[in-house]
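Okay, final34.txt now, which holds compact mmCIF, N, CA and C atoms:
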# COMPACT_ATOMS: atom_id res chain seq x y z
N MET A 390 76.57 109.89 101.93
CA MET A 390 75.90 109.45 103.13
C MET A 390 76.49 110.08 104.37
N GLY A 391 77.69 110.63 104.28
CA GLY A 391 78.30 111.28 105.41
C GLY A 391 77.52 112.51 105.85
N ASN A 392 76.63 113.02 104.99
CA ASN A 392 75.84 114.20 105.32
C ASN A 392 74.51 113.86 105.97
N PHE A 393 74.26 112.59 106.21
CA PHE A 393 73.02 112.17 106.83
C PHE A 393 72.91 112.78 108.22
N ALA A 394 71.73 113.25 108.56
CA ALA A 394 71.45 113.69 109.92
C ALA A 394 71.08 112.46 110.75
N ASP A 395 71.13 112.60 112.05
CA ASP A 395 70.80 111.49 112.94
C ASP A 395 69.41 110.94 112.64
N THR A 396 68.46 111.81 112.34
CA THR A 396 67.10 111.36 112.04
C THR A 396 67.06 110.53 110.76
N ASP A 397 67.94 110.85 109.80
CA ASP A 397 68.01 110.06 108.57
C ASP A 397 68.53 108.66 108.86
N TRP A 398 69.56 108.57 109.71
CA TRP A 398 70.09 107.24 110.07
C TRP A 398 69.02 106.43 110.80
N LYS A 399 68.29 107.06 111.71
CA LYS A 399 67.25 106.35 112.45
C LYS A 399 66.16 105.83 111.51
N ALA A 400 65.88 106.58 110.46
CA ALA A 400 64.85 106.18 109.51
C ALA A 400 65.31 105.07 108.57
N SER A 401 66.61 105.00 108.29
CA SER A 401 67.10 104.05 107.29
C SER A 401 67.65 102.76 107.90
N LEU A 402 67.82 102.71 109.21
CA LEU A 402 68.38 101.53 109.88
C LEU A 402 67.38 100.98 110.89
N SER A 403 67.49 99.68 111.18
CA SER A 403 66.69 99.12 112.27
C SER A 403 67.22 99.70 113.59
N ASP A 404 66.47 99.55 114.65
CA ASP A 404 66.90 100.07 115.95
C ASP A 404 68.26 99.48 116.36
N GLU A 405 68.45 98.20 116.15
CA GLU A 405 69.71 97.53 116.52
C GLU A 405 70.85 97.97 115.62
N GLU A 406 70.60 98.08 114.30
CA GLU A 406 71.63 98.57 113.39
C GLU A 406 72.06 99.97 113.77
N TYR A 407 71.09 100.80 114.11
CA TYR A 407 71.39 102.18 114.53
C TYR A 407 72.23 102.17 115.80
N ARG A 408 71.85 101.38 116.79
CA ARG A 408 72.58 101.32 118.05
C ARG A 408 74.02 100.89 117.84
N VAL A 409 74.24 99.92 116.97
CA VAL A 409 75.60 99.42 116.71
C VAL A 409 76.39 100.41 115.87
N THR A 410 75.86 100.84 114.73
CA THR A 410 76.64 101.63 113.78
C THR A 410 76.75 103.11 114.13
N ARG A 411 75.73 103.68 114.72
CA ARG A 411 75.74 105.12 114.98
C ARG A 411 76.03 105.46 116.44
N ARG A 412 75.89 104.48 117.34
CA ARG A 412 76.12 104.72 118.77
C ARG A 412 77.20 103.79 119.34
N ALA A 413 77.99 103.17 118.46
CA ALA A 413 79.13 102.32 118.85
C ALA A 413 78.73 101.19 119.78
N GLY A 414 77.58 100.59 119.48
CA GLY A 414 77.13 99.44 120.26
C GLY A 414 77.78 98.15 119.79
N THR A 415 77.43 97.08 120.47
CA THR A 415 77.94 95.75 120.12
C THR A 415 76.78 94.77 120.12
N GLU A 416 76.70 93.95 119.08
CA GLU A 416 75.67 92.91 119.07
C GLU A 416 76.12 91.77 119.97
N SER A 417 75.19 90.97 120.42
CA SER A 417 75.52 89.83 121.27
C SER A 417 76.40 88.84 120.51
N PRO A 418 77.37 88.23 121.18
CA PRO A 418 78.22 87.25 120.51
C PRO A 418 77.40 86.07 120.00
N PHE A 419 77.83 85.54 118.87
CA PHE A 419 77.23 84.38 118.21
C PHE A 419 75.80 84.64 117.72
N SER A 420 75.39 85.91 117.63
CA SER A 420 74.03 86.22 117.18
C SER A 420 73.98 86.75 115.75
N GLY A 421 75.10 87.17 115.19
CA GLY A 421 75.12 87.84 113.90
C GLY A 421 74.86 86.93 112.72
N ALA A 422 74.10 87.43 111.77
CA ALA A 422 73.74 86.67 110.57
C ALA A 422 74.95 86.35 109.69
N LEU A 423 76.02 87.13 109.78
CA LEU A 423 77.18 86.92 108.90
C LEU A 423 78.31 86.14 109.56
N LEU A 424 78.12 85.74 110.81
CA LEU A 424 79.16 85.01 111.52
C LEU A 424 79.57 83.75 110.77
N ASN A 425 78.61 82.99 110.30
CA ASN A 425 78.90 81.71 109.64
C ASN A 425 78.80 81.78 108.12
N GLU A 426 78.82 82.98 107.55
CA GLU A 426 78.79 83.15 106.09
C GLU A 426 80.06 82.54 105.50
N ARG A 427 79.91 81.65 104.51
CA ARG A 427 81.06 80.96 103.93
C ARG A 427 81.22 81.18 102.43
N ARG A 428 80.27 81.89 101.79
CA ARG A 428 80.37 82.10 100.35
C ARG A 428 81.47 83.11 100.02
N ASN A 429 81.91 83.09 98.77
CA ASN A 429 82.88 84.07 98.29
C ASN A 429 82.16 85.38 98.02
N GLY A 430 82.82 86.48 98.37
CA GLY A 430 82.23 87.77 98.10
C GLY A 430 82.87 88.87 98.93
N GLU A 431 82.11 89.97 99.06
CA GLU A 431 82.61 91.16 99.74
C GLU A 431 81.67 91.55 100.89
N TYR A 432 82.25 92.10 101.92
CA TYR A 432 81.50 92.61 103.06
C TYR A 432 81.47 94.13 102.95
N LEU A 433 80.26 94.68 102.92
CA LEU A 433 80.04 96.10 102.68
C LEU A 433 79.55 96.80 103.94
N CYS A 434 79.84 98.07 104.05
CA CYS A 434 79.30 98.87 105.15
C CYS A 434 77.78 98.89 105.03
N LYS A 435 77.09 98.58 106.11
CA LYS A 435 75.62 98.57 106.14
C LYS A 435 75.06 99.95 105.84
N CYS A 436 75.75 100.99 106.25
CA CYS A 436 75.22 102.35 106.12
C CYS A 436 75.44 102.97 104.74
N CYS A 437 76.63 102.76 104.15
CA CYS A 437 76.92 103.46 102.89
C CYS A 437 77.32 102.55 101.74
N GLY A 438 77.54 101.27 101.99
CA GLY A 438 77.84 100.34 100.92
C GLY A 438 79.30 100.24 100.51
N CYS A 439 80.20 100.92 101.20
CA CYS A 439 81.63 100.82 100.88
C CYS A 439 82.13 99.40 101.14
N VAL A 440 83.04 98.95 100.30
CA VAL A 440 83.65 97.62 100.48
C VAL A 440 84.65 97.71 101.63
N LEU A 441 84.49 96.82 102.61
CA LEU A 441 85.34 96.81 103.80
C LEU A 441 86.28 95.62 103.85
N PHE A 442 85.74 94.42 103.61
CA PHE A 442 86.49 93.17 103.73
C PHE A 442 86.07 92.21 102.62
N THR A 443 86.89 91.20 102.36
CA THR A 443 86.52 90.14 101.42
C THR A 443 86.48 88.80 102.16
N SER A 444 85.83 87.86 101.52
CA SER A 444 85.72 86.52 102.12
C SER A 444 87.10 85.87 102.26
N ASP A 445 88.06 86.24 101.41
CA ASP A 445 89.41 85.68 101.50
C ASP A 445 90.10 86.04 102.81
N ALA A 446 89.71 87.16 103.40
CA ALA A 446 90.33 87.64 104.65
C ALA A 446 89.60 87.13 105.89
N LYS A 447 88.47 86.46 105.71
CA LYS A 447 87.66 86.02 106.85
C LYS A 447 88.21 84.73 107.43
N PHE A 448 88.14 84.62 108.76
CA PHE A 448 88.53 83.38 109.42
C PHE A 448 87.68 83.20 110.67
N ASP A 449 87.65 81.98 111.19
CA ASP A 449 86.88 81.69 112.39
C ASP A 449 87.76 81.91 113.61
N ALA A 450 87.51 83.01 114.31
CA ALA A 450 88.31 83.34 115.49
C ALA A 450 87.72 82.73 116.75
N GLY A 451 86.49 82.19 116.65
CA GLY A 451 85.85 81.62 117.81
C GLY A 451 85.39 82.66 118.83
N CYS A 452 85.37 83.93 118.44
CA CYS A 452 85.06 85.02 119.37
C CYS A 452 83.58 85.39 119.38
N GLY A 453 82.81 84.89 118.41
CA GLY A 453 81.38 85.20 118.36
C GLY A 453 80.99 86.27 117.38
N TRP A 454 81.98 86.87 116.72
CA TRP A 454 81.72 87.90 115.71
C TRP A 454 82.51 87.56 114.46
N PRO A 455 82.07 87.99 113.28
CA PRO A 455 82.88 87.78 112.07
C PRO A 455 84.28 88.39 112.28
N ALA A 456 85.30 87.66 111.86
CA ALA A 456 86.68 88.12 112.02
C ALA A 456 87.40 88.09 110.68
N PHE A 457 88.24 89.09 110.48
CA PHE A 457 89.00 89.24 109.25
C PHE A 457 90.44 89.57 109.63
N ASP A 458 91.39 89.19 108.75
CA ASP A 458 92.80 89.49 109.06
C ASP A 458 93.31 90.73 108.34
N ALA A 459 92.49 91.32 107.46
CA ALA A 459 92.91 92.53 106.74
C ALA A 459 91.69 93.19 106.11
N GLN A 460 91.75 94.51 105.99
CA GLN A 460 90.73 95.21 105.22
C GLN A 460 91.10 95.13 103.74
N THR A 461 90.21 95.57 102.87
CA THR A 461 90.49 95.51 101.44
C THR A 461 91.46 96.62 101.03
N ALA A 462 91.93 96.53 99.80
CA ALA A 462 92.82 97.55 99.23
C ALA A 462 92.10 98.89 99.09
N HIS A 463 90.77 98.90 99.20
CA HIS A 463 90.01 100.15 99.12
C HIS A 463 90.33 101.05 100.31
N ASN A 464 90.88 100.46 101.38
CA ASN A 464 91.30 101.22 102.56
C ASN A 464 90.16 102.05 103.15
N ASN A 465 88.97 101.45 103.27
CA ASN A 465 87.79 102.15 103.78
C ASN A 465 87.60 102.04 105.28
N VAL A 466 88.49 101.32 105.96
CA VAL A 466 88.38 101.14 107.41
C VAL A 466 89.35 102.09 108.11
N GLY A 467 88.82 102.88 109.04
CA GLY A 467 89.65 103.79 109.82
C GLY A 467 89.83 103.26 111.23
N TYR A 468 90.75 103.88 111.97
CA TYR A 468 91.12 103.43 113.31
C TYR A 468 91.12 104.62 114.27
N ARG A 469 90.63 104.39 115.50
CA ARG A 469 90.76 105.40 116.54
C ARG A 469 90.78 104.71 117.91
N GLU A 470 91.44 105.36 118.84
CA GLU A 470 91.56 104.83 120.19
C GLU A 470 90.20 104.79 120.86
N ASP A 471 89.95 103.71 121.61
CA ASP A 471 88.70 103.54 122.34
C ASP A 471 89.04 103.11 123.76
N ASN A 472 88.78 103.97 124.71
CA ASN A 472 89.07 103.67 126.12
C ASN A 472 87.80 103.48 126.95
N THR A 473 86.70 103.14 126.30
CA THR A 473 85.44 102.94 127.02
C THR A 473 85.50 101.66 127.85
N PHE A 474 84.66 101.59 128.85
CA PHE A 474 84.51 100.42 129.70
C PHE A 474 85.81 100.00 130.39
N GLY A 475 86.72 100.97 130.60
CA GLY A 475 87.97 100.69 131.29
C GLY A 475 88.96 99.84 130.50
N MET A 476 88.75 99.73 129.20
CA MET A 476 89.64 98.95 128.33
C MET A 476 90.35 99.87 127.36
N LYS A 477 91.51 99.47 126.91
CA LYS A 477 92.23 100.20 125.87
C LYS A 477 92.16 99.36 124.60
N ARG A 478 91.38 99.85 123.64
CA ARG A 478 91.17 99.11 122.39
C ARG A 478 91.31 100.07 121.21
N VAL A 479 91.29 99.48 120.01
CA VAL A 479 91.28 100.28 118.79
C VAL A 479 89.96 100.01 118.07
N GLU A 480 89.14 101.06 117.99
CA GLU A 480 87.88 100.97 117.29
C GLU A 480 88.13 101.01 115.79
N ILE A 481 87.33 100.28 115.03
CA ILE A 481 87.35 100.39 113.57
C ILE A 481 86.02 100.98 113.13
N TYR A 482 86.09 101.84 112.09
CA TYR A 482 84.91 102.52 111.59
C TYR A 482 85.03 102.69 110.09
N CYS A 483 83.91 102.93 109.43
CA CYS A 483 83.89 103.19 108.00
C CYS A 483 84.35 104.63 107.77
N LYS A 484 85.38 104.80 106.96
CA LYS A 484 85.90 106.13 106.68
C LYS A 484 84.92 106.99 105.89
N SER A 485 84.03 106.37 105.14
CA SER A 485 83.09 107.12 104.32
C SER A 485 81.95 107.73 105.13
N CYS A 486 81.39 106.96 106.07
CA CYS A 486 80.19 107.45 106.77
C CYS A 486 80.32 107.42 108.29
N ASP A 487 81.49 107.05 108.80
CA ASP A 487 81.77 107.03 110.23
C ASP A 487 80.98 105.98 111.00
N ALA A 488 80.50 104.94 110.33
CA ALA A 488 79.78 103.87 111.02
C ALA A 488 80.74 103.06 111.88
N HIS A 489 80.34 102.80 113.11
CA HIS A 489 81.11 101.92 113.99
C HIS A 489 81.02 100.50 113.46
N LEU A 490 82.16 99.83 113.32
CA LEU A 490 82.19 98.46 112.82
C LEU A 490 82.51 97.46 113.92
N GLY A 491 83.42 97.79 114.79
CA GLY A 491 83.88 96.88 115.84
C GLY A 491 85.24 97.33 116.34
N HIS A 492 86.15 96.36 116.52
CA HIS A 492 87.49 96.65 117.02
C HIS A 492 88.51 95.77 116.31
N VAL A 493 89.76 96.19 116.33
CA VAL A 493 90.84 95.39 115.76
C VAL A 493 91.83 95.09 116.88
N PHE A 494 92.33 93.85 116.85
CA PHE A 494 93.26 93.37 117.87
C PHE A 494 94.50 92.80 117.19
N ASN A 495 95.61 92.80 117.89
CA ASN A 495 96.88 92.29 117.35
C ASN A 495 97.13 90.85 117.75
N ASP A 496 96.08 90.02 117.71
CA ASP A 496 96.23 88.62 118.09
C ASP A 496 95.73 87.66 117.01
N GLY A 497 95.71 88.12 115.77
CA GLY A 497 95.24 87.29 114.67
C GLY A 497 96.21 86.15 114.35
N PRO A 498 95.69 85.05 113.82
CA PRO A 498 96.51 83.86 113.59
C PRO A 498 97.25 83.83 112.24
N THR A 499 97.05 84.84 111.40
CA THR A 499 97.69 84.83 110.08
C THR A 499 98.91 85.74 110.07
N ASP A 500 99.54 85.85 108.92
CA ASP A 500 100.76 86.67 108.79
C ASP A 500 100.52 88.15 109.13
N THR A 501 99.29 88.64 108.97
CA THR A 501 99.04 90.04 109.29
C THR A 501 99.05 90.28 110.79
N GLY A 502 98.75 89.26 111.57
CA GLY A 502 98.67 89.40 113.02
C GLY A 502 97.44 90.16 113.48
N GLN A 503 96.54 90.49 112.56
CA GLN A 503 95.37 91.29 112.87
C GLN A 503 94.12 90.43 113.00
N ARG A 504 93.24 90.85 113.91
CA ARG A 504 91.91 90.26 114.03
C ARG A 504 90.91 91.40 114.10
N TYR A 505 90.30 91.69 112.95
CA TYR A 505 89.24 92.68 112.88
C TYR A 505 87.97 91.96 113.35
N CYS A 506 87.48 92.34 114.50
CA CYS A 506 86.30 91.73 115.12
C CYS A 506 85.13 92.65 114.80
N VAL A 507 84.22 92.22 113.92
CA VAL A 507 83.23 93.12 113.32
C VAL A 507 81.80 92.67 113.64
N ASN A 508 80.97 93.61 113.98
CA ASN A 508 79.55 93.34 114.20
C ASN A 508 78.88 93.01 112.87
N SER A 509 78.16 91.90 112.80
CA SER A 509 77.40 91.57 111.59
C SER A 509 76.43 92.68 111.22
N LEU A 510 75.82 93.30 112.23
CA LEU A 510 74.83 94.35 111.98
C LEU A 510 75.42 95.57 111.29
N SER A 511 76.74 95.71 111.29
CA SER A 511 77.36 96.86 110.64
C SER A 511 77.68 96.60 109.17
N MET A 512 77.38 95.38 108.70
CA MET A 512 77.74 95.01 107.33
C MET A 512 76.59 94.36 106.57
N SER A 513 76.75 94.32 105.27
CA SER A 513 75.97 93.48 104.37
C SER A 513 76.98 92.64 103.61
N PHE A 514 76.54 91.51 103.08
CA PHE A 514 77.43 90.63 102.32
C PHE A 514 76.94 90.57 100.88
N LYS A 515 77.85 90.77 99.93
CA LYS A 515 77.52 90.67 98.50
C LYS A 515 78.31 89.50 97.95
N ASP A 516 77.58 88.45 97.51
CA ASP A 516 78.28 87.28 96.98
C ASP A 516 78.72 87.51 95.53
N ASP A 517 79.40 86.54 94.97
CA ASP A 517 79.93 86.67 93.61
C ASP A 517 78.86 86.82 92.54
N ASP A 518 77.61 86.49 92.87
CA ASP A 518 76.49 86.68 91.94
C ASP A 518 75.77 88.01 92.21
N ASN A 519 76.37 88.87 93.03
CA ASN A 519 75.83 90.18 93.40
C ASN A 519 74.55 90.10 94.23
N GLU A 520 74.31 88.96 94.87
CA GLU A 520 73.18 88.84 95.80
C GLU A 520 73.60 89.43 97.14
N ILE A 521 72.78 90.31 97.69
CA ILE A 521 73.07 90.99 98.95
C ILE A 521 72.37 90.28 100.10
N THR A 522 73.12 89.99 101.15
CA THR A 522 72.59 89.40 102.37
C THR A 522 72.85 90.38 103.50
N PRO A 523 71.80 90.84 104.19
CA PRO A 523 72.03 91.76 105.31
C PRO A 523 72.66 91.06 106.49
N GLY A 524 73.41 91.82 107.27
CA GLY A 524 74.05 91.28 108.46
C GLY A 524 73.16 91.33 109.65

Rendering of file as structure tokens:
Amino acid sequence: MGNFADTDWKASLSDEEYRVTRRAGTESPFSGALLNERRNGEYLCKCCGCVLFTSDAKFDAGCGWPAFDAQTAHNNVGYREDNTFGMKRVEIYCKSCDAHLGHVFNDGPTDTGQRYCVNSLSMSFKDDDNEITPG
């Protein structure tokens, strides 16, 4: 999927999914379909299907977006500096297809100290019965 052209991404994603994942957009807080997901399972990249996070790492940060304290052992989440909007942040993205996921902060409440703040639109959820729920 890393070889997709921009027109391919536009054809395979909704306008909002495209804006978030391919143009580093952000969905409105408290609007994401996966914010209140409580089932056991895995969170996958919306664009390529790579496993990014598990339900065991999810917690309620109260920030309006799904939050996780660690990525999976698959190590599919990459990091890069983001200085847009006059802020200094660390962007997280899918290493397989370069989809923008959100940002990671060092203010998490668990032992990792991490809070991966992720757009629901950048993920799908696969429960333990292999049922897929789009973000």

query: Which distance in Å separates CA of Gly438 (chain A) and CA of Phe457 (chain A), to one decimal?
result: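 Straight-line distance from CA of Gly438 (chain A) to CA of Phe457 (chain A) works out to 17.8 Å.
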
Applying 7 Å and only C-alpha atoms, which residues near region 403-415 of chain A remain after dropping the ones on its own chain fewer than 6 positions away? List them as a short mmCIF file (atom, residue, chain, number, x, y, z; two decimals) with N, CA and C atoms, in the frame of the given file.
data_model
loop_
_atom_site.label_atom_id
_atom_site.label_comp_id
_atom_site.auth_asym_id
_atom_site.auth_seq_id
_atom_site.Cartn_x
_atom_site.Cartn_y
_atom_site.Cartn_z
N ALA A 488 80.50 104.94 110.33
CA ALA A 488 79.78 103.87 111.02
C ALA A 488 80.74 103.06 111.88
N HIS A 489 80.34 102.80 113.11
CA HIS A 489 81.11 101.92 113.99
C HIS A 489 81.02 100.50 113.46
N LEU A 490 82.16 99.83 113.32
CA LEU A 490 82.19 98.46 112.82
C LEU A 490 82.51 97.46 113.92
N ASN A 508 80.97 93.61 113.98
CA ASN A 508 79.55 93.34 114.20
C ASN A 508 78.88 93.01 112.87
N LEU A 510 75.82 93.30 112.23
CA LEU A 510 74.83 94.35 111.98
C LEU A 510 75.42 95.57 111.29
N SER A 511 76.74 95.71 111.29
CA SER A 511 77.36 96.86 110.64
C SER A 511 77.68 96.60 109.17
#

message: As an exercise, work out the distance from CA of Asn425 (chain A) to atom C of Tyr468 (chain A) in Å and give it to one decimal place.
response: 26.4 Å

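Straight-line separation from CA of Thr443 (chain A) to CA of Asn429 (chain A): 7.7 Å.
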
Find the axis-aligned box for region 431-446 of chain A, covering all its listed atoms and adding 6 Å on each side, and write its centre and edge lengths in Å to one decimal as lines of an AutoDock Vina configuration file.
center_x = 82.7
center_y = 94.6
center_z = 102.7
size_x = 27.3
size_y = 29.8
size_z = 19.2

message: Calculated over only C-alpha atoms, which of the candidates A:Thr396, A:Ser401, A:Asn464, A:Thr499 has the smallest distance to Tyr482 (chain A)?
response: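 Ranking A:Thr396, A:Ser401, A:Asn464, A:Thr499 by distance to Tyr482 (chain A), first place goes to A:Asn464.
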
Neighbour list for Ser513 (chain A) as a CSV table (one decimal) with N, CA and C atoms, in the coordinates of the input, cut-off 5 Å, all atoms listed in the file, skip fewer than 6 positions in-chain:
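Output below, filename around-v7.csv:
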chain,number,residue,atom,x,y,z
A,432,TYR,N,82.2,92.1,101.9
A,432,TYR,CA,81.5,92.6,103.1
A,432,TYR,C,81.5,94.1,103.0
A,433,LEU,N,80.3,94.7,102.9
A,433,LEU,CA,80.0,96.1,102.7
A,433,LEU,C,79.6,96.8,103.9
A,434,CYS,N,79.8,98.1,104.0
A,434,CYS,CA,79.3,98.9,105.2
A,434,CYS,C,77.8,98.9,105.0
A,435,LYS,N,77.1,98.6,106.1
A,435,LYS,CA,75.6,98.6,106.1
A,435,LYS,C,75.1,100.0,105.8
A,522,THR,N,73.1,90.0,101.2
A,522,THR,CA,72.6,89.4,102.4
A,522,THR,C,72.8,90.4,103.5
A,523,PRO,N,71.8,90.8,104.2
A,523,PRO,CA,72.0,91.8,105.3
A,523,PRO,C,72.7,91.1,106.5
A,524,GLY,N,73.4,91.8,107.3
A,524,GLY,CA,74.0,91.3,108.5
A,524,GLY,C,73.2,91.3,109.6

message: To test your reading of the structure, identify every residue in chain A that backbone DSSP assigns to alpha helix (DSSP H), and report it as a ChimeraX atom specification.
response: /A:395-401,404-412

- request: Could you check which of A:Leu424, A:Asp517, A:Cys486, A:Val440 is closest to Phe393 (chain A), using only N, CA and C atoms?
  value: A:Cys486

task: Any chance you could list, as a ChimeraX atom specification, the residues in region 440-485 of chain A that come up strand (DSSP E) when DSSP is run on the backbone?
output: /A:440-443,447-448,456-457,466-471,478-483

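Nearest residue to Gly491 (chain A), choosing from A:Thr461, A:Asn472, A:Asn519, A:Ser509 and counting only C-alpha atoms: A:Ser509.
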
- prompt: Closest to Asp516 (chain A) among A:Pro498, A:Gly430, A:Gly475, A:Gly451, using only C-alpha atoms?
  reply: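 Selected residue with least distance to Asp516 (chain A): A:Gly430.
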
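Nearest to Trp454 (chain A) of all the residues A:Leu402, A:Ala394, A:Asp500, A:His492 is A:His492, based on only C-alpha atoms.
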
Given the point (83.5, 105.6, 105.9) in the file's coordinates, find the residues that have an atom at most 8 Å from it, counting all atoms listed in the file, and give them as an mmCIF file with N, CA and C atoms, in the coordinates of the input.
data_model
loop_
_atom_site.group_PDB
_atom_site.id
_atom_site.type_symbol
_atom_site.label_atom_id
_atom_site.label_comp_id
_atom_site.auth_asym_id
_atom_site.auth_seq_id
_atom_site.Cartn_x
_atom_site.Cartn_y
_atom_site.Cartn_z
ATOM 1 N N GLY A 391 77.690 110.630 104.280
ATOM 2 C CA GLY A 391 78.300 111.280 105.410
ATOM 3 C C GLY A 391 77.520 112.510 105.850
ATOM 4 N N CYS A 434 79.840 98.070 104.050
ATOM 5 C CA CYS A 434 79.300 98.870 105.150
ATOM 6 C C CYS A 434 77.780 98.890 105.030
ATOM 7 N N CYS A 437 76.630 102.760 104.150
ATOM 8 C CA CYS A 437 76.920 103.460 102.890
ATOM 9 C C CYS A 437 77.320 102.550 101.740
ATOM 10 N N CYS A 439 80.200 100.920 101.200
ATOM 11 C CA CYS A 439 81.630 100.820 100.880
ATOM 12 C C CYS A 439 82.130 99.400 101.140
ATOM 13 N N ASN A 465 88.970 101.450 103.270
ATOM 14 C CA ASN A 465 87.790 102.150 103.780
ATOM 15 C C ASN A 465 87.600 102.040 105.280
ATOM 16 N N VAL A 466 88.490 101.320 105.960
ATOM 17 C CA VAL A 466 88.380 101.140 107.410
ATOM 18 C C VAL A 466 89.350 102.090 108.110
ATOM 19 N N GLY A 467 88.820 102.880 109.040
ATOM 20 C CA GLY A 467 89.650 103.790 109.820
ATOM 21 C C GLY A 467 89.830 103.260 111.230
ATOM 22 N N TYR A 482 86.090 101.840 112.090
ATOM 23 C CA TYR A 482 84.910 102.520 111.590
ATOM 24 C C TYR A 482 85.030 102.690 110.090
ATOM 25 N N CYS A 483 83.910 102.930 109.430
ATOM 26 C CA CYS A 483 83.890 103.190 108.000
ATOM 27 C C CYS A 483 84.350 104.630 107.770
ATOM 28 N N LYS A 484 85.380 104.800 106.960
ATOM 29 C CA LYS A 484 85.900 106.130 106.680
ATOM 30 C C LYS A 484 84.920 106.990 105.890
ATOM 31 N N SER A 485 84.030 106.370 105.140
ATOM 32 C CA SER A 485 83.090 107.120 104.320
ATOM 33 C C SER A 485 81.950 107.730 105.130
ATOM 34 N N CYS A 486 81.390 106.960 106.070
ATOM 35 C CA CYS A 486 80.190 107.450 106.770
ATOM 36 C C CYS A 486 80.320 107.420 108.290
ATOM 37 N N ASP A 487 81.490 107.050 108.800
ATOM 38 C CA ASP A 487 81.770 107.030 110.230
ATOM 39 C C ASP A 487 80.980 105.980 111.000
ATOM 40 N N ALA A 488 80.500 104.940 110.330
ATOM 41 C CA ALA A 488 79.780 103.870 111.020
ATOM 42 C C ALA A 488 80.740 103.060 111.880
#

message: Which polymer residues, whether protein, DNA or RNA, lie within 7 Å of the coordinate (79.1, 84.1, 122.2) when you count only C-alpha atoms? List them as a list in words, using the chain letters and numbers from the file.
response: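 Looking at atoms near the point gives Ser417, Pro418, Phe419, Cys452 and Gly453 of chain A.
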
Produce a file of the selected residues containing N, CA and C atoms, as a PDB file, keeping the file's coordinate frame.
ATOM      1  N   SER A 417      75.190  90.970 120.420  1.00  0.00           N
ATOM      2  CA  SER A 417      75.520  89.830 121.270  1.00  0.00           C
ATOM      3  C   SER A 417      76.400  88.840 120.510  1.00  0.00           C
ATOM      4  N   PRO A 418      77.370  88.230 121.180  1.00  0.00           N
ATOM      5  CA  PRO A 418      78.220  87.250 120.510  1.00  0.00           C
ATOM      6  C   PRO A 418      77.400  86.070 120.000  1.00  0.00           C
ATOM      7  N   PHE A 419      77.830  85.540 118.870  1.00  0.00           N
ATOM      8  CA  PHE A 419      77.230  84.380 118.210  1.00  0.00           C
ATOM      9  C   PHE A 419      75.800  84.640 117.720  1.00  0.00           C
ATOM     10  N   CYS A 452      85.370  83.930 118.440  1.00  0.00           N
ATOM     11  CA  CYS A 452      85.060  85.020 119.370  1.00  0.00           C
ATOM     12  C   CYS A 452      83.580  85.390 119.380  1.00  0.00           C
ATOM     13  N   GLY A 453      82.810  84.890 118.410  1.00  0.00           N
ATOM     14  CA  GLY A 453      81.380  85.200 118.360  1.00  0.00           C
ATOM     15  C   GLY A 453      80.990  86.270 117.380  1.00  0.00           C
TER      16      GLY A 453
END
